[in-house]
Amino acid sequence: MATFTATSPNNDQFPFELVRPDLEKVEIAIRAQVRDFDSAVEPYISYICNTAGKRIRPALAILVGGANGEVTDDHRKIGVILELIHMATLVHDDIIDGATARRSMPTANAKWGNALAVLLGDALFSHALTLATDFNSIEICKKVGQAAREVCQGEIIQTQRRFDLTLTKKDYFQVIEMKTGALFAAATGLAAAVSGLSSEQETSLASYGMKLGTAYQIYDDCLDLVGSEEIVGKTLRTDLAKGKLTLPILNLLEASSEQQREEINRRILAEEEFDLPTLTGFAEYNDALARAVDTALKLLDGCRKDIAFLAESDYKKALLQITHFLESLLKNCRN
């Protein structure tokens, strides 16, 4: 099963191909930031950069810049800042989840232990916030800080609500909008701001990012249930084992009989393994997964409406293609 990554193999239809040269500049800039760390810390940070290969947020910032006339160093810098924050969250997520592999490589916690991994994540967070001050704009610094805060709050709430069988879909969406949507929205919204767009246009582009990030998280939650670790390259089947109630499972609980619901709840609380055969043994499972996919597809429709105001260009086309690419990945989850 394919994954959604800005560094996918050459493919003329893949939406990020348009910005590959700019993404290479972002990659160089990230490596330059690594060298800013103390020589004793630099090898660890460099390793994390190699295990966090997705560059979706920088690609979004660059595409928004291009769609509004010009890609500048500021758009690329936004991408670097948000990618550093994202890498920090991945390090901390892996610690919390007990994940041992990311992009087919050992996670920082698996390699060096939780204590050092926590500090490495903290170092990345603080460095990203420091880098934001290069803009000499209180407003941009504030928005970067708000995005980082949202991500951390989302992780805190999700951790608080693990094994909480009273979790609602409203609660679930609050968490994933904070955890994933916030950085997507920051990428597109901040890129709009440095392009000099109106507040209304910035809001529309931030909304595009929020919906896209939320749809992407739903896809990731579905992938955790149906994906292959060999293909995806990271530890899967961790959500239920760690008490995370994701949208497909919430749909399943909603549609199940009282007896089935008690059985699912018992398994969750007992931390029993939920392999695919176990899940497919519930008659309502396939429909629950399909309904989660449909929810994400509706969000992608909203994305397309959010960018309707943009002038026609290859960059706008790519922003639309992203939604169609993710749509195809989502549909694969229910096939």
# chains A, B, ... in the order shown; residues from 1 in each chain; ligands from 1

$ select_by_dssp --residues "region 46-284 of chain A" --states "strand (DSSP E or B)" --output "JSON, numbers by chain"
{"A": [101, 102, 105, 106, 234]}

$ residues_around --residues "region 308-313 of chain A" --least-positions-apart "6" --cutoff "9 Å" --atoms "only C-alpha atoms" --output "number ranges by chain"
A: 66-68, 201, 204

$ residues_around --residues "Ala61 (chain A)" --least-positions-apart "2" --cutoff "12 Å" --atoms "only C-alpha atoms" --output "PDB file with C-alpha atoms, in the first residue's frame"
ATOM      1  CA  PHE A  16       4.894  17.181  -5.203  1.00  0.00           C
ATOM      2  CA  VAL A  19       8.266  21.475  -6.070  1.00  0.00           C
ATOM      3  CA  ASP A  22      12.451  23.594  -3.667  1.00  0.00           C
ATOM      4  CA  LEU A  23      12.146  20.544  -1.434  1.00  0.00           C
ATOM      5  CA  VAL A  26      14.510  22.617   2.219  1.00  0.00           C
ATOM      6  CA  ARG A  55       8.251  16.526   3.832  1.00  0.00           C
ATOM      7  CA  ILE A  56       4.537  17.165   3.379  1.00  0.00           C
ATOM      8  CA  ARG A  57       4.367  20.408   5.350  1.00  0.00           C
ATOM      9  CA  PRO A  58       7.256  22.114   3.517  1.00  0.00           C
ATOM     10  CA  ALA A  59       5.728  21.011   0.215  1.00  0.00           C
ATOM     11  CA  LEU A  63       2.873  25.123  -3.248  1.00  0.00           C
ATOM     12  CA  VAL A  64       0.856  27.890  -1.612  1.00  0.00           C
ATOM     13  CA  GLY A  65       3.682  30.328  -2.315  1.00  0.00           C
ATOM     14  CA  GLY A  66       3.797  29.287  -5.959  1.00  0.00           C
ATOM     15  CA  ALA A  67       0.024  29.429  -6.290  1.00  0.00           C
ATOM     16  CA  ASN A  68       0.178  33.065  -5.203  1.00  0.00           C
ATOM     17  CA  GLU A  70       6.291  33.319  -6.200  1.00  0.00           C
ATOM     18  CA  VAL A  71       8.096  30.816  -3.998  1.00  0.00           C
ATOM     19  CA  THR A  72      10.527  32.703  -1.747  1.00  0.00           C
ATOM     20  CA  ASP A  73      13.087  31.804   0.895  1.00  0.00           C
ATOM     21  CA  ASP A  74      10.420  32.675   3.469  1.00  0.00           C
ATOM     22  CA  HIS A  75       8.140  29.907   2.193  1.00  0.00           C
ATOM     23  CA  ARG A  76      10.980  27.417   2.382  1.00  0.00           C
ATOM     24  CA  LYS A  77      11.929  28.631   5.870  1.00  0.00           C
ATOM     25  CA  ILE A  78       8.360  28.089   7.064  1.00  0.00           C
ATOM     26  CA  GLY A  79       8.671  24.566   5.732  1.00  0.00           C
ATOM     27  CA  VAL A  80      11.911  23.993   7.635  1.00  0.00           C
ATOM     28  CA  ILE A  81      10.478  25.325  10.912  1.00  0.00           C
ATOM     29  CA  LEU A  82       7.327  23.222  10.708  1.00  0.00           C
ATOM     30  CA  GLU A  83       9.300  20.148   9.696  1.00  0.00           C
ATOM     31  CA  LEU A 183       0.740  21.874  11.415  1.00  0.00           C
ATOM     32  CA  PHE A 184      -0.869  21.394   7.998  1.00  0.00           C
ATOM     33  CA  ALA A 185      -2.959  24.512   8.622  1.00  0.00           C
ATOM     34  CA  ALA A 186       0.130  26.411   9.782  1.00  0.00           C
ATOM     35  CA  ALA A 187       1.982  25.441   6.589  1.00  0.00           C
ATOM     36  CA  THR A 188      -0.730  26.717   4.256  1.00  0.00           C
ATOM     37  CA  GLY A 189      -1.858  29.642   6.421  1.00  0.00           C
ATOM     38  CA  LEU A 190       1.619  31.008   7.147  1.00  0.00           C
ATOM     39  CA  ALA A 191       2.601  30.593   3.504  1.00  0.00           C
ATOM     40  CA  ALA A 192      -0.444  32.673   2.568  1.00  0.00           C
ATOM     41  CA  ALA A 193       0.562  35.305   5.117  1.00  0.00           C
ATOM     42  CA  VAL A 194       4.112  35.724   3.781  1.00  0.00           C
ATOM     43  CA  SER A 195       2.642  35.883   0.259  1.00  0.00           C
ATOM     44  CA  LEU A 205      -5.874  28.356   2.888  1.00  0.00           C
ATOM     45  CA  ALA A 206      -5.439  27.505   6.563  1.00  0.00           C
ATOM     46  CA  TYR A 208      -7.522  23.753   3.356  1.00  0.00           C
ATOM     47  CA  GLY A 209      -4.539  22.651   5.440  1.00  0.00           C
ATOM     48  CA  TYR A 315       0.638  25.074  -8.273  1.00  0.00           C
ATOM     49  CA  LEU A 319      -2.843  21.442  -4.444  1.00  0.00           C
TER      50      LEU A 319
END

$ select_by_dssp --residues "region 26-140 of chain A" --states "helix (DSSP H, G or I)" --output "ChimeraX atom specification"
/A:26-34,42-51,56-67,73-97,108-112,114-135,138-140

$ closest_residue --among "A:Glu155, A:Glu17, A:Glu202, A:Glu27" --to "Lys317 (chain A)" --atoms "only C-alpha atoms"
A:Glu17

$ closest_residue --among "A:Thr180, A:Thr166, A:Thr51, A:Thr278" --to "Gly154 (chain A)" --atoms "only C-alpha atoms"
A:Thr180

$ closest_residue --among "A:Glu262, A:Tyr219, A:Leu225, A:Ala241" --to "Thr295 (chain A)" --atoms "only C-alpha atoms"
A:Tyr219

$ closest_residue --among "A:Arg149, A:Arg291, A:His92, A:Lys298" --to "Cys222 (chain A)" --atoms "only C-alpha atoms"
A:Arg291

$ residues_around --residues "Glu254 (chain A)" --least-positions-apart "6" --cutoff "10 Å" --atoms "only C-alpha atoms" --output "JSON, numbers by chain"
{"A": [168, 248, 261, 284, 288]}

$ residues_around --residues "Val118 (chain A)" --least-positions-apart "6" --cutoff "9 Å" --atoms "only C-alpha atoms" --output "VMD selection string"
chain A and resid 88 91 to 92 95 109

$ residues_around --residues "Leu326 (chain A)" --least-positions-apart "2" --cutoff "9 Å" --atoms "only C-alpha atoms" --output "short mmCIF file (atom, residue, chain, number, x, y, z; two decimals) with N, CA and C atoms, in the first residue's frame"
data_model
loop_
_atom_site.label_atom_id
_atom_site.label_comp_id
_atom_site.auth_asym_id
_atom_site.auth_seq_id
_atom_site.Cartn_x
_atom_site.Cartn_y
_atom_site.Cartn_z
N THR A 3 2.19 5.14 0.52
CA THR A 3 2.07 6.12 1.60
C THR A 3 2.18 7.51 1.03
N PHE A 4 1.71 8.46 1.80
CA PHE A 4 1.63 9.85 1.36
C PHE A 4 2.90 10.55 1.78
N LEU A 212 -7.12 18.95 5.14
CA LEU A 212 -6.21 17.97 4.54
C LEU A 212 -5.49 17.18 5.63
N ALA A 215 -7.94 14.75 7.27
CA ALA A 215 -8.19 13.61 6.38
C ALA A 215 -6.98 12.68 6.37
N TYR A 216 -5.78 13.26 6.36
CA TYR A 216 -4.57 12.46 6.37
C TYR A 216 -4.46 11.63 7.64
N TYR A 219 -6.71 8.73 7.41
CA TYR A 219 -6.04 7.73 6.56
C TYR A 219 -5.00 6.96 7.36
N LEU A 297 -13.09 11.55 2.88
CA LEU A 297 -13.34 12.00 1.50
C LEU A 297 -14.16 13.29 1.48
N LEU A 300 -11.87 16.14 2.06
CA LEU A 300 -11.10 16.45 0.85
C LEU A 300 -11.94 17.27 -0.13
N GLN A 321 -4.36 18.11 -6.82
CA GLN A 321 -3.89 16.74 -7.02
C GLN A 321 -3.60 16.04 -5.70
N ILE A 322 -3.10 16.81 -4.72
CA ILE A 322 -2.83 16.22 -3.41
C ILE A 322 -4.11 15.59 -2.85
N THR A 323 -5.20 16.30 -2.97
CA THR A 323 -6.47 15.78 -2.45
C THR A 323 -6.89 14.53 -3.19
N HIS A 324 -6.66 14.49 -4.49
CA HIS A 324 -7.03 13.31 -5.27
C HIS A 324 -6.10 12.13 -4.98
N SER A 328 -7.22 8.51 -3.35
CA SER A 328 -6.94 7.17 -3.87
C SER A 328 -6.36 6.27 -2.78
N LEU A 329 -5.51 6.83 -1.91
CA LEU A 329 -4.95 6.04 -0.81
C LEU A 329 -6.05 5.62 0.16
N LEU A 330 -6.96 6.54 0.46
CA LEU A 330 -8.07 6.23 1.35
C LEU A 330 -8.94 5.11 0.78
N LYS A 331 -9.23 5.21 -0.50
CA LYS A 331 -10.09 4.18 -1.11
C LYS A 331 -9.42 2.82 -1.10
#

$ closest_residue --among "A:Phe173, A:Gly69, A:Asp36, A:Leu167" --to "Asp314 (chain A)" --atoms "only C-alpha atoms"
A:Gly69

$ closest_residue --among "A:Lys244, A:Asp38, A:Phe274, A:Tyr44" --to "Leu116 (chain A)" --atoms "only C-alpha atoms"
A:Tyr44
